[in-house]
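Next comes protein18.txt, with compact mmCIF, C-alpha atoms (C1' of nucleotides).
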```
# COMPACT_ATOMS: atom_id res chain seq x y z
CA MET A 156 12.61 -27.63 -10.68
CA THR A 157 15.28 -27.06 -8.02
CA GLY A 158 13.93 -29.18 -5.20
CA SER A 159 10.52 -28.46 -3.66
CA THR A 160 10.54 -24.66 -3.99
CA SER A 161 12.32 -22.86 -6.80
CA THR A 162 14.00 -19.48 -6.32
CA SER A 163 11.29 -17.69 -8.26
CA ASP A 164 8.75 -19.30 -5.93
CA LYS A 165 10.69 -18.06 -2.93
CA ILE A 166 10.86 -14.57 -4.42
CA LEU A 167 7.11 -14.54 -5.03
CA ARG A 168 6.28 -15.79 -1.54
CA CYS A 169 8.65 -13.34 0.09
CA ALA A 170 7.38 -10.43 -2.00
CA ARG A 171 3.81 -11.33 -1.09
CA SER A 172 4.47 -11.28 2.61
CA LEU A 173 6.37 -7.99 2.31
CA LEU A 174 3.53 -6.55 0.21
CA ILE A 175 0.97 -7.55 2.83
CA GLN A 176 3.00 -5.67 5.42
CA GLY A 177 3.26 -2.28 3.76
CA GLY A 178 1.84 -2.18 0.24
CA TYR A 179 3.44 -1.79 -3.18
CA ASN A 180 5.81 1.02 -2.25
CA GLY A 181 6.56 -0.46 1.16
CA PHE A 182 9.21 -2.93 0.03
CA SER A 183 12.18 -3.04 -2.35
CA TYR A 184 14.25 -5.55 -4.29
CA ALA A 185 16.86 -5.23 -1.55
CA ASP A 186 14.34 -6.40 1.07
CA ILE A 187 13.49 -9.48 -0.98
CA ALA A 188 17.16 -10.24 -1.71
CA LYS A 189 18.02 -10.11 1.99
CA VAL A 190 15.32 -12.62 2.95
CA VAL A 191 15.70 -15.03 0.02
CA GLY A 192 19.50 -14.99 0.27
CA ILE A 193 20.39 -13.92 -3.27
CA ARG A 194 21.68 -10.68 -4.71
CA ASN A 195 19.50 -7.80 -5.75
CA ALA A 196 20.28 -8.28 -9.44
CA SER A 197 19.34 -11.96 -9.43
CA ILE A 198 15.70 -11.06 -8.89
CA HIS A 199 15.71 -9.33 -12.28
CA HIS A 200 16.67 -12.62 -13.88
CA HIS A 201 13.34 -14.07 -12.76
CA PHE A 202 11.21 -10.92 -12.96
CA PRO A 203 12.37 -8.14 -15.29
CA SER A 204 10.64 -5.37 -13.36
CA LYS A 205 8.90 -4.75 -10.05
CA ALA A 206 5.58 -4.22 -11.82
CA GLU A 207 5.95 -7.61 -13.52
CA LEU A 208 6.92 -9.29 -10.23
CA VAL A 209 3.87 -7.92 -8.44
CA ARG A 210 1.58 -8.61 -11.41
CA THR A 211 2.70 -12.26 -11.33
CA LEU A 212 2.31 -12.33 -7.56
CA VAL A 213 -1.28 -11.09 -7.76
CA ALA A 214 -2.11 -13.44 -10.64
CA ARG A 215 -0.90 -16.36 -8.54
CA TYR A 216 -2.80 -15.05 -5.51
CA ARG A 217 -5.96 -14.99 -7.60
CA GLU A 218 -5.36 -18.55 -8.80
CA GLU A 219 -4.97 -19.73 -5.22
CA ALA A 220 -8.09 -17.85 -4.18
CA GLU A 221 -10.13 -19.39 -6.99
CA ALA A 222 -8.76 -22.84 -6.14
CA GLY A 223 -9.66 -22.32 -2.49
CA ILE A 224 -13.19 -21.34 -3.42
CA ALA A 225 -13.53 -24.31 -5.77
CA GLN A 226 -12.47 -26.59 -2.94
CA LEU A 227 -14.93 -24.89 -0.59
CA GLU A 228 -17.70 -25.46 -3.14
CA ARG A 229 -16.79 -29.15 -3.23
CA GLN A 230 -16.51 -29.66 0.54
CA VAL A 231 -19.34 -27.48 1.79
CA SER A 232 -22.73 -27.29 0.10
CA ASP A 233 -24.84 -25.15 2.44
CA PRO A 234 -24.60 -21.46 1.39
CA ALA A 235 -24.56 -20.15 4.97
CA ALA A 236 -21.80 -22.59 5.86
CA GLN A 237 -19.85 -21.51 2.78
CA LEU A 238 -19.93 -17.87 3.90
CA ALA A 239 -18.96 -18.88 7.43
CA SER A 240 -16.11 -20.98 6.08
CA TYR A 241 -14.84 -18.11 3.91
CA VAL A 242 -14.89 -15.69 6.84
CA GLY A 243 -13.38 -18.34 9.11
CA TYR A 244 -10.46 -18.75 6.73
CA TRP A 245 -9.61 -15.07 7.04
CA GLU A 246 -10.20 -15.08 10.76
CA ARG A 247 -7.52 -17.77 11.10
CA CYS A 248 -5.11 -15.98 8.73
CA ILE A 249 -5.44 -12.79 10.76
CA ALA A 250 -5.27 -14.50 14.15
CA ASP A 251 -2.03 -16.38 13.41
CA ALA A 252 -0.67 -13.38 11.44
CA SER A 253 0.30 -15.71 8.59
CA ALA A 254 -1.34 -13.47 5.98
CA PRO A 255 -3.23 -10.84 7.88
CA PHE A 256 -4.60 -8.99 4.85
CA CYS A 257 -6.03 -9.65 1.41
CA VAL A 258 -3.34 -8.67 -1.13
CA CYS A 259 -5.93 -7.13 -3.44
CA ALA A 260 -7.85 -5.27 -0.75
CA LEU A 261 -4.61 -3.71 0.44
CA MET A 262 -3.56 -2.63 -3.03
CA ALA A 263 -7.04 -1.34 -3.91
CA GLY A 264 -6.29 1.60 -1.62
CA GLU A 265 -3.11 2.40 -3.55
CA ILE A 266 -4.66 2.07 -7.01
CA PRO A 267 -4.00 5.65 -8.19
CA ALA A 268 -0.28 5.03 -7.63
CA LEU A 269 -0.15 1.54 -9.15
CA PRO A 270 1.00 0.39 -12.63
CA ALA A 271 -1.97 -0.24 -14.91
CA GLU A 272 -1.36 -3.98 -15.34
CA ILE A 273 -1.58 -4.48 -11.57
CA VAL A 274 -4.77 -2.43 -11.31
CA THR A 275 -6.36 -4.75 -13.89
CA GLU A 276 -5.39 -7.78 -11.83
CA VAL A 277 -6.72 -6.27 -8.58
CA ARG A 278 -10.00 -5.29 -10.23
CA ALA A 279 -10.40 -8.80 -11.61
CA HIS A 280 -10.09 -10.24 -8.09
CA PHE A 281 -12.80 -7.93 -6.79
CA ARG A 282 -15.07 -8.92 -9.65
CA SER A 283 -14.55 -12.67 -9.26
CA LEU A 284 -14.96 -12.58 -5.47
CA SER A 285 -18.11 -10.51 -5.82
CA ALA A 286 -19.46 -12.90 -8.49
CA TRP A 287 -18.90 -15.93 -6.25
CA LEU A 288 -20.50 -14.26 -3.22
CA THR A 289 -23.47 -13.26 -5.41
CA SER A 290 -23.96 -16.86 -6.51
CA VAL A 291 -23.79 -18.12 -2.92
CA LEU A 292 -26.31 -15.51 -1.75
CA GLU A 293 -28.64 -16.26 -4.67
CA ARG A 294 -28.61 -19.96 -3.90
CA GLY A 295 -29.12 -19.29 -0.19
CA ALA A 296 -32.09 -17.04 -0.91
CA ARG A 297 -33.65 -19.60 -3.24
CA GLN A 298 -33.25 -22.32 -0.62
CA GLY A 299 -34.58 -20.01 2.08
CA SER A 300 -31.49 -20.40 4.28
CA LEU A 301 -30.16 -16.87 3.70
CA HIS A 302 -32.18 -13.71 4.21
CA PHE A 303 -31.54 -10.18 2.94
CA ALA A 304 -33.52 -7.23 1.62
CA GLY A 305 -32.14 -6.11 -1.76
CA THR A 306 -30.56 -8.01 -4.64
CA ALA A 307 -27.97 -10.75 -4.14
CA LYS A 308 -25.46 -8.66 -6.09
CA ALA A 309 -25.90 -5.64 -3.77
CA GLU A 310 -25.69 -7.84 -0.69
CA ALA A 311 -22.53 -9.49 -2.04
CA GLU A 312 -20.83 -6.13 -2.54
CA SER A 313 -21.86 -5.09 0.96
CA PHE A 314 -20.58 -8.39 2.41
CA MET A 315 -17.22 -8.05 0.65
CA ALA A 316 -16.85 -4.41 1.75
CA CYS A 317 -17.61 -5.35 5.33
CA VAL A 318 -14.98 -8.12 5.32
CA HIS A 319 -12.35 -5.80 3.83
CA GLY A 320 -13.27 -3.05 6.28
CA ALA A 321 -12.97 -5.54 9.12
CA MET A 322 -9.38 -6.29 8.02
CA LEU A 323 -8.68 -2.56 8.11
CA SER A 324 -10.18 -2.20 11.59
CA ALA A 325 -8.29 -5.20 12.95
CA ARG A 326 -5.07 -3.54 11.78
CA ALA A 327 -6.04 -0.11 13.05
CA TYR A 328 -6.86 -1.42 16.53
CA GLY A 329 -3.91 -3.80 16.49
CA ASP A 330 -6.32 -6.52 17.58
CA PRO A 331 -7.00 -9.62 15.44
CA GLY A 332 -10.19 -10.32 17.40
CA THR A 333 -11.82 -7.23 15.90
CA PHE A 334 -12.21 -9.07 12.59
CA GLY A 335 -14.43 -11.75 14.13
CA LEU A 336 -16.27 -9.15 16.19
CA ILE A 337 -17.35 -7.42 12.98
CA THR A 338 -17.94 -10.42 10.74
CA ARG A 339 -19.83 -12.69 13.15
CA PRO A 340 -22.92 -10.44 13.38
CA LEU A 341 -22.75 -10.12 9.60
CA LEU A 342 -23.15 -13.89 9.19
CA GLU A 343 -25.74 -14.01 11.97
CA ARG A 344 -27.85 -11.41 10.18
CA LEU A 345 -27.81 -13.34 6.88
CA ALA A 346 -28.49 -16.74 8.46
CA PRO A 347 -30.14 -16.29 11.87
CA ARG A 348 -29.82 -19.37 14.07
CA HIS A 349 -33.44 -19.21 15.39
CA MET B 118 -0.04 34.11 8.97
CA THR B 119 1.15 34.92 5.44
CA GLY B 120 -2.09 35.97 3.76
CA SER B 121 -5.02 33.57 3.71
CA THR B 122 -3.03 30.31 3.53
CA SER B 123 0.46 29.95 4.97
CA THR B 124 3.13 27.85 3.33
CA SER B 125 2.91 25.21 6.05
CA ASP B 126 -0.85 25.05 5.37
CA LYS B 127 -0.16 24.56 1.67
CA ILE B 128 2.35 21.84 2.46
CA LEU B 129 -0.13 20.05 4.71
CA ARG B 130 -2.97 20.27 2.19
CA CYS B 131 -0.76 19.12 -0.64
CA ALA B 132 0.69 16.25 1.39
CA ARG B 133 -2.81 15.17 2.35
CA SER B 134 -3.99 14.98 -1.23
CA LEU B 135 -0.84 13.11 -2.26
CA LEU B 136 -1.25 10.76 0.69
CA ILE B 137 -4.86 10.02 -0.31
CA GLN B 138 -3.60 9.06 -3.77
CA GLY B 139 -0.99 6.48 -2.87
CA GLY B 140 -0.38 6.15 0.86
CA TYR B 141 2.56 7.03 3.09
CA ASN B 142 5.27 5.65 0.82
CA GLY B 143 3.52 6.85 -2.32
CA PHE B 144 4.77 10.43 -2.22
CA SER B 145 8.01 12.29 -1.48
CA TYR B 146 9.22 15.72 -0.38
CA ALA B 147 10.04 16.38 -4.04
CA ASP B 148 6.40 15.82 -5.04
CA ILE B 149 5.20 18.32 -2.44
CA ALA B 150 7.88 20.86 -3.36
CA LYS B 151 6.89 20.69 -7.03
CA VAL B 152 3.22 21.41 -6.32
CA VAL B 153 3.64 24.04 -3.59
CA GLY B 154 6.36 25.86 -5.55
CA ILE B 155 9.16 25.79 -2.99
CA ARG B 156 12.37 23.82 -2.75
CA ASN B 157 12.67 20.38 -1.23
CA ALA B 158 14.71 21.62 1.73
CA SER B 159 12.21 24.35 2.65
CA ILE B 160 9.70 21.73 3.73
CA HIS B 161 12.12 20.69 6.47
CA HIS B 162 11.95 24.23 7.85
CA HIS B 163 8.25 23.68 8.60
CA PHE B 164 8.33 19.94 9.36
CA PRO B 165 11.62 18.42 10.49
CA SER B 166 10.80 14.94 9.23
CA LYS B 167 8.30 13.14 7.04
CA ALA B 168 6.92 11.27 10.03
CA GLU B 169 6.31 14.59 11.80
CA LEU B 170 4.70 16.10 8.69
CA VAL B 171 2.28 13.19 8.33
CA ARG B 172 1.61 13.04 12.06
CA THR B 173 0.62 16.72 11.97
CA LEU B 174 -1.44 16.12 8.85
CA VAL B 175 -3.40 13.31 10.51
CA ALA B 176 -3.85 15.30 13.73
CA ARG B 177 -5.36 18.14 11.70
CA TYR B 178 -7.50 15.69 9.74
CA ARG B 179 -8.86 14.36 13.01
CA GLU B 180 -9.59 17.89 14.25
CA GLU B 181 -11.52 18.64 11.07
CA ALA B 182 -13.40 15.36 11.35
CA GLU B 183 -14.38 16.05 14.96
CA ALA B 184 -15.43 19.58 14.02
CA GLY B 185 -17.52 18.23 11.16
CA ILE B 186 -19.23 15.78 13.46
CA ALA B 187 -19.86 18.47 16.08
CA GLN B 188 -21.49 20.61 13.38
CA LEU B 189 -23.54 17.62 12.23
CA GLU B 190 -24.73 17.09 15.82
CA ARG B 191 -25.83 20.73 15.94
CA GLN B 192 -27.58 20.82 12.58
CA VAL B 193 -29.20 17.40 12.48
CA SER B 194 -30.84 15.80 15.50
CA ASP B 195 -32.42 12.62 14.12
CA PRO B 196 -29.95 9.68 14.47
CA ALA B 197 -30.92 8.10 11.14
CA ALA B 198 -30.47 11.45 9.40
CA GLN B 199 -27.08 11.87 11.08
CA LEU B 200 -25.87 8.55 9.67
CA ALA B 201 -27.27 9.45 6.24
CA SER B 202 -25.55 12.81 6.38
CA TYR B 203 -22.22 11.24 7.34
CA VAL B 204 -22.41 8.76 4.48
CA GLY B 205 -23.64 11.49 2.13
CA TYR B 206 -20.59 13.58 2.94
CA TRP B 207 -18.28 10.79 1.81
CA GLU B 208 -20.44 10.03 -1.19
CA ARG B 209 -19.91 13.61 -2.38
CA CYS B 210 -16.16 13.55 -1.62
CA ILE B 211 -15.77 10.39 -3.67
CA ALA B 212 -18.04 11.51 -6.51
CA ASP B 213 -16.23 14.81 -7.11
CA ALA B 214 -12.86 13.16 -6.38
CA SER B 215 -11.98 16.01 -4.00
CA ALA B 216 -10.90 13.60 -1.25
CA PRO B 217 -11.87 10.14 -2.40
CA PHE B 218 -10.60 8.26 0.65
CA CYS B 219 -10.39 8.59 4.41
CA VAL B 220 -6.76 9.37 5.29
CA CYS B 221 -6.85 7.07 8.31
CA ALA B 222 -8.61 4.19 6.58
CA LEU B 223 -5.98 4.28 3.84
CA MET B 224 -3.09 4.31 6.28
CA ALA B 225 -4.63 1.63 8.49
CA GLY B 226 -3.68 -0.84 5.75
CA GLU B 227 -0.05 0.27 5.89
CA ILE B 228 0.22 0.23 9.67
CA PRO B 229 3.03 -2.38 9.94
CA ALA B 230 5.23 -0.07 7.84
CA LEU B 231 4.28 3.19 9.58
CA PRO B 232 6.18 5.17 12.25
CA ALA B 233 4.70 4.55 15.70
CA GLU B 234 3.52 8.12 16.28
CA ILE B 235 1.38 7.97 13.14
CA VAL B 236 -0.11 4.61 14.10
CA THR B 237 -1.24 6.16 17.40
CA GLU B 238 -2.95 8.99 15.52
CA VAL B 239 -4.68 6.60 13.08
CA ARG B 240 -5.86 4.36 15.90
CA ALA B 241 -7.25 7.38 17.76
CA HIS B 242 -9.34 8.31 14.72
CA PHE B 243 -10.84 4.83 14.50
CA ARG B 244 -11.68 4.95 18.20
CA SER B 245 -13.30 8.37 18.10
CA LEU B 246 -15.30 7.62 14.94
CA SER B 247 -16.47 4.33 16.42
CA ALA B 248 -17.42 6.09 19.67
CA TRP B 249 -19.50 8.67 17.85
CA LEU B 250 -21.26 6.05 15.72
CA THR B 251 -21.97 4.03 18.87
CA SER B 252 -23.60 7.05 20.53
CA VAL B 253 -25.75 7.74 17.45
CA LEU B 254 -26.87 4.12 17.25
CA GLU B 255 -27.63 4.00 20.98
CA ARG B 256 -29.76 7.11 20.76
CA GLY B 257 -31.52 5.81 17.66
CA ALA B 258 -32.28 2.51 19.36
CA ARG B 259 -33.62 4.27 22.46
CA GLN B 260 -35.86 6.47 20.31
CA GLY B 261 -36.94 3.48 18.25
CA SER B 262 -35.85 5.04 14.95
CA LEU B 263 -32.87 2.71 14.39
CA HIS B 264 -33.06 -1.08 14.47
CA PHE B 265 -30.27 -3.63 14.83
CA ALA B 266 -29.69 -6.97 16.49
CA GLY B 267 -26.57 -6.83 18.71
CA THR B 268 -25.01 -4.06 20.76
CA ALA B 269 -24.66 -0.49 19.50
CA LYS B 270 -20.88 -0.82 19.77
CA ALA B 271 -20.79 -3.93 17.57
CA GLU B 272 -23.13 -2.33 15.04
CA ALA B 273 -20.97 0.81 14.98
CA GLU B 274 -17.82 -1.20 14.21
CA SER B 275 -19.68 -3.03 11.47
CA PHE B 276 -21.01 0.24 10.03
CA MET B 277 -17.56 1.82 9.99
CA ALA B 278 -15.99 -1.28 8.39
CA CYS B 279 -18.65 -1.30 5.70
CA VAL B 280 -18.05 2.37 4.87
CA HIS B 281 -14.28 1.86 4.68
CA GLY B 282 -14.74 -1.27 2.59
CA ALA B 283 -17.03 0.66 0.27
CA MET B 284 -14.24 3.19 -0.31
CA LEU B 285 -11.93 0.32 -1.18
CA SER B 286 -14.46 -1.18 -3.61
CA ALA B 287 -15.15 2.17 -5.28
CA ARG B 288 -11.41 2.44 -5.94
CA ALA B 289 -11.03 -1.15 -7.06
CA TYR B 290 -13.89 -0.86 -9.58
CA GLY B 291 -12.83 2.65 -10.58
CA ASP B 292 -16.47 3.65 -10.08
CA PRO B 293 -17.50 6.27 -7.47
CA GLY B 294 -21.11 5.06 -7.67
CA THR B 295 -20.12 1.80 -5.99
CA PHE B 296 -19.80 3.63 -2.66
CA GLY B 297 -23.45 4.64 -2.67
CA LEU B 298 -24.49 1.24 -3.95
CA ILE B 299 -22.98 -0.37 -0.86
CA THR B 300 -23.86 2.22 1.78
CA ARG B 301 -27.48 2.94 0.81
CA PRO B 302 -28.78 -0.55 1.72
CA LEU B 303 -26.76 -0.25 4.94
CA LEU B 304 -28.73 2.86 5.96
CA GLU B 305 -31.99 1.34 4.72
CA ARG B 306 -31.44 -1.72 6.91
CA LEU B 307 -30.88 0.40 10.05
CA ALA B 308 -33.76 2.77 9.40
CA PRO B 309 -36.31 1.14 7.05
CA ARG B 310 -38.54 3.64 5.28
CA HIS B 311 -40.84 0.74 4.21
C1' DG C 291 19.58 43.23 15.27
C1' DA C 292 17.09 39.17 15.92
C1' DT C 293 13.88 36.16 13.80
C1' DC C 294 11.62 34.06 10.03
C1' DA C 295 11.08 31.86 5.65
C1' DC C 296 13.27 30.65 2.21
C1' DC C 297 17.29 29.59 -0.68
C1' DT C 298 21.64 26.86 -2.82
C1' DA C 299 24.40 23.17 -2.34
C1' DC C 300 25.31 19.15 -0.48
C1' DT C 301 25.29 14.11 1.64
C1' DA C 302 24.54 9.28 2.40
C1' DA C 303 21.63 5.91 1.64
C1' DC C 304 18.54 3.67 -1.21
C1' DT C 305 15.76 2.90 -5.69
C1' DA C 306 14.98 -0.09 -9.83
C1' DG C 307 17.43 -1.71 -13.39
C1' DT C 308 21.74 -3.06 -16.68
C1' DA C 309 26.16 -5.21 -18.39
C1' DG C 310 28.98 -8.62 -18.48
C1' DA C 311 31.47 -12.55 -16.17
C1' DT C 312 31.35 -17.25 -14.13
C1' DA C 313 30.10 -21.78 -12.90
C1' DG C 314 27.47 -25.76 -13.44
C1' DA C 315 24.12 -28.78 -15.94
C1' DC C 316 22.54 -30.99 -20.00
C1' DC C 317 23.15 -32.74 -24.67
C1' DA C 318 24.91 -33.65 -28.71
C1' DA C 319 28.89 -35.07 -31.95
C1' DC C 320 33.07 -37.24 -32.52
C1' DG D 215 34.02 -41.01 -22.83
C1' DT D 216 35.80 -36.85 -23.87
C1' DT D 217 35.00 -32.51 -26.21
C1' DG D 218 32.44 -28.45 -27.28
C1' DG D 219 28.13 -25.69 -27.29
C1' DT D 220 24.20 -23.93 -25.19
C1' DC D 221 21.24 -22.81 -21.41
C1' DT D 222 20.29 -21.37 -16.71
C1' DA D 223 21.06 -19.20 -12.50
C1' DT D 224 23.73 -16.68 -10.21
C1' DC D 225 27.34 -13.34 -9.28
C1' DT D 226 30.12 -8.59 -9.14
C1' DA D 227 30.10 -4.08 -10.45
C1' DC D 228 27.88 -0.48 -12.10
C1' DT D 229 24.37 3.50 -13.46
C1' DA D 230 21.13 7.15 -13.10
C1' DG D 231 17.77 8.77 -10.50
C1' DT D 232 15.40 9.51 -6.00
C1' DT D 233 15.04 9.54 -1.00
C1' DA D 234 14.96 12.10 3.44
C1' DG D 235 17.66 15.11 5.64
C1' DT D 236 21.66 18.82 6.75
C1' DA D 237 24.68 23.04 6.63
C1' DG D 238 25.03 27.40 6.00
C1' DG D 239 23.82 31.68 3.57
C1' DT D 240 20.42 35.70 2.12
C1' DG D 241 16.95 38.97 2.27
C1' DA D 242 12.87 40.76 4.30
C1' DT D 243 10.25 41.90 8.45
C1' DC D 244 9.28 43.05 13.22
```
As structure tokens, what does this structure read like?
Amino acid sequence: MTGSTSTSDKILRCARSLLIQGGYNGFSYADIAKVVGIRNASIHHHFPSKAELVRTLVARYREEAEAGIAQLERQVSDPAAQLASYVGYWERCIADASAPFCVCALMAGEIPALPAEIVTEVRAHFRSLSAWLTSVLERGARQGSLHFAGTAKAEAESFMACVHGAMLSARAYGDPGTFGLITRPLLERLAPRH
Amino acid sequence: MTGSTSTSDKILRCARSLLIQGGYNGFSYADIAKVVGIRNASIHHHFPSKAELVRTLVARYREEAEAGIAQLERQVSDPAAQLASYVGYWERCIADASAPFCVCALMAGEIPALPAEIVTEVRAHFRSLSAWLTSVLERGARQGSLHFAGTAKAEAESFMACVHGAMLSARAYGDPGTFGLITRPLLERLAPRH
DNA sequence: GATCACCTACTAACTAGTAGATAGACCAAC
DNA sequence: GTTGGTCTATCTACTAGTTAGTAGGTGATC
């Protein structure tokens, strides 16, 4: 309750942005302390261990993601527009470098080296994102606005993989535009504009 | 030249498999030394720094990848079959857990935290893989065996992203089968067997 | 006898995490 | 309204272990 953003909030936000840069083993308590302006040990007061800090961070990330999707469901009703809006959100995040990678997609690659409680959290994000995409695709198919060959579930997994792969490619090429280059045809294929 | 596999070979192979597990910051000289059966310091005799070790490792990985693709070009001529063979290779690697992730795809996520010389190497792999896929798709389109909407280049980038994303999803779900589940419809869409 | 591959022994910096002190805020009892 | 107790957030100072990397020595091989 210390003003608008508490110290633990600052720690979480800072840790998230460091995590997005280089993964779980790519940052340390010292890095966080330097940015937030407290001492190394003070972080332990808020989060007893690094695993717990990152678990909390991912849990909060998932909450925000679910809230964002709930808002999207309220504001946009057309399934094709919902997919476009989801992709557009990431396109903007990558373009302005504010959060140029999905926390969970990044950590999915490091899973064999991650504490179990974090793996659970990452897996849950994949499941819930896939479930939402499946529901959007199902609705779109029923309405006749979205077109694909197999099941909605399979198409959802493919869609999610393509978006995550596009993040990887954008990073590999060092070019934010690559993300849109890959995802735009993906949307076009599902909802052809004539 | 010490017998069939030299120590530096062993170090490279070991480092690769450790890298595939948890990324650049997910392993140390000590980890390699323990597996290979030499002392920590001996690794420096072969590779002066970690950055140099990993740079060499990626360069060799790229050589092997290019050799594999050259062999594929020799053995299989049909473009659709070439794509299927490429995906099949990864499906087997992931299923038997021998090398369940592309070294460059994994490190692409960590790029902001990677030494510059490694980033160059990773980027080069993305470019050469994309170039090969583009040539296969172009040939397939010319022959009429592969079908897609936009340019071959755009479709190649999308294909590559989807494959990399499928690796990520397989890891996230802890289920190797996920890779095939995502990539099979991808091949089916490009070359429908109706 | 030079070179190679390895060794022991070491360093400086960094890792997450702990112990215990301090300073301020809140809240009661007197 | 002052006193005393508790809670919270931070600090300094520390530990044990790990990190990449270095210096210099040894024994075998060409």
At most 10 Å from (-27.0, -1.3, 17.6), file frame, only C-alpha atoms (C1' of nucleotides): which residues, as a short mmCIF file (atom, residue, chain, number, x, y, z; two decimals) with C-alpha atoms, keeping the file's coordinate frame?
```cif
data_model
loop_
_atom_site.label_atom_id
_atom_site.label_comp_id
_atom_site.auth_asym_id
_atom_site.auth_seq_id
_atom_site.Cartn_x
_atom_site.Cartn_y
_atom_site.Cartn_z
CA LEU B 250 -21.26 6.05 15.72
CA THR B 251 -21.97 4.03 18.87
CA SER B 252 -23.60 7.05 20.53
CA VAL B 253 -25.75 7.74 17.45
CA LEU B 254 -26.87 4.12 17.25
CA GLU B 255 -27.63 4.00 20.98
CA ARG B 256 -29.76 7.11 20.76
CA GLY B 257 -31.52 5.81 17.66
CA ALA B 258 -32.28 2.51 19.36
CA ARG B 259 -33.62 4.27 22.46
CA LEU B 263 -32.87 2.71 14.39
CA HIS B 264 -33.06 -1.08 14.47
CA PHE B 265 -30.27 -3.63 14.83
CA ALA B 266 -29.69 -6.97 16.49
CA GLY B 267 -26.57 -6.83 18.71
CA THR B 268 -25.01 -4.06 20.76
CA ALA B 269 -24.66 -0.49 19.50
CA LYS B 270 -20.88 -0.82 19.77
CA ALA B 271 -20.79 -3.93 17.57
CA GLU B 272 -23.13 -2.33 15.04
CA ALA B 273 -20.97 0.81 14.98
CA GLU B 274 -17.82 -1.20 14.21
CA SER B 275 -19.68 -3.03 11.47
CA PHE B 276 -21.01 0.24 10.03
CA LEU B 307 -30.88 0.40 10.05
#
```
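Note that the spacing between atom CA of B:Met277 and atom CA of B:Arg172 amounts to 22.3 Å.
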To one decimal place, how far is atom CA of B:Glu238 from atom CA of B:Ile186 in Å? 17.8 Å
Kindly determine which residues of chain B lie within 9 Å of chain D, considering all atoms listed in the file, and give the answer as a PyMOL selection string. chain B and resi 145-147+158+161+165-167
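Nearest-residue note for chain B: choosing from A:Ala235, A:Leu342, A:Val190, A:Cys317, the minimum distance belongs to A:Cys317, counting only C-alpha atoms.
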Give me the residues of chain A that have any atom at most 9 Å from an atom of chain B; for each, the nearest atom pair and the distance in Å, rounded to one decimal. Use only C-alpha atoms, sort by chain and number, and format it as a tab-separated table.
```
residue	atom	partner	partner_atom	distance
A:Ile175	CA	B:Glu227	CA	8.5
A:Gln176	CA	B:Pro229	CA	5.6
A:Gly177	CA	B:Glu227	CA	4.7
A:Gly178	CA	B:Glu227	CA	6.4
A:Tyr179	CA	B:Asn142	CA	8.6
A:Asn180	CA	B:Asn142	CA	5.6
A:Gly181	CA	B:Asn142	CA	6.3
A:Phe256	CA	B:Gly226	CA	8.3
A:Cys259	CA	B:Ala289	CA	8.7
A:Ala260	CA	B:Leu285	CA	6.9
A:Leu261	CA	B:Gly226	CA	6.1
A:Met262	CA	B:Ala289	CA	8.6
A:Ala263	CA	B:Ala289	CA	5.1
A:Gly264	CA	B:Leu285	CA	5.8
A:Glu265	CA	B:Gly139	CA	4.6
A:Ile266	CA	B:Arg288	CA	6.8
A:Pro267	CA	B:Gln138	CA	5.6
A:Ala268	CA	B:Gly139	CA	5.0
A:Leu269	CA	B:Gly139	CA	8.0
A:Val274	CA	B:Ala289	CA	7.7
A:Val277	CA	B:Ala289	CA	6.9
A:Arg278	CA	B:Ala289	CA	5.3
A:Ala279	CA	B:Tyr290	CA	8.9
A:Phe281	CA	B:Ala289	CA	7.0
A:Arg282	CA	B:Tyr290	CA	8.1
A:Ala304	CA	B:Arg306	CA	7.9
A:Gly305	CA	B:Pro302	CA	7.4
A:Ala309	CA	B:Ile299	CA	6.7
A:Glu310	CA	B:Ile299	CA	7.9
A:Glu312	CA	B:Ile299	CA	6.4
A:Ser313	CA	B:Ile299	CA	5.2
A:Phe314	CA	B:Cys279	CA	8.1
A:Met315	CA	B:Gly282	CA	7.5
A:Ala316	CA	B:Gly282	CA	3.9
A:Cys317	CA	B:Cys279	CA	4.2
A:Val318	CA	B:Gly282	CA	7.4
A:His319	CA	B:Gly282	CA	5.3
A:Gly320	CA	B:Ala278	CA	3.9
A:Ala321	CA	B:Ala278	CA	5.3
A:Met322	CA	B:Gly226	CA	8.2
A:Leu323	CA	B:Gly226	CA	5.8
A:Ser324	CA	B:Ala278	CA	6.7
A:Ala325	CA	B:Ala225	CA	8.9
A:Arg326	CA	B:Ala225	CA	6.1
A:Ala327	CA	B:Ala225	CA	5.1
A:Tyr328	CA	B:Arg240	CA	5.9
A:Gly329	CA	B:Arg240	CA	8.4
A:Thr333	CA	B:Glu274	CA	8.7
A:Leu336	CA	B:Ala271	CA	7.0
A:Ile337	CA	B:Ser275	CA	5.2
A:Thr338	CA	B:Ser275	CA	7.6
A:Pro340	CA	B:Gly267	CA	7.4
A:Leu341	CA	B:Ser275	CA	7.9
A:Arg344	CA	B:Ala266	CA	7.9
```
Starting from chain B, keep only residues with some atom at most 10 Å from an atom of chain C, counting only C-alpha atoms (C1' of nucleotides), and report them as a ChimeraX atom specification. /B:124,155-156,158-160,162-163
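The interatomic distance for the pair atom CA of A:Gly332 and atom CA of B:Arg179 works out to 25.1 Å.
The residue that comes closest to A:Ala214, out of A:Ser161, A:Gly335, A:Ser285, A:Arg171 and on the basis of all atoms listed in the file, is A:Arg171.
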Using all atoms listed in the file, the best pick from B:Leu200, B:Ile211, B:Leu246, B:Ser134 as closest to B:Asp148 would be B:Ser134
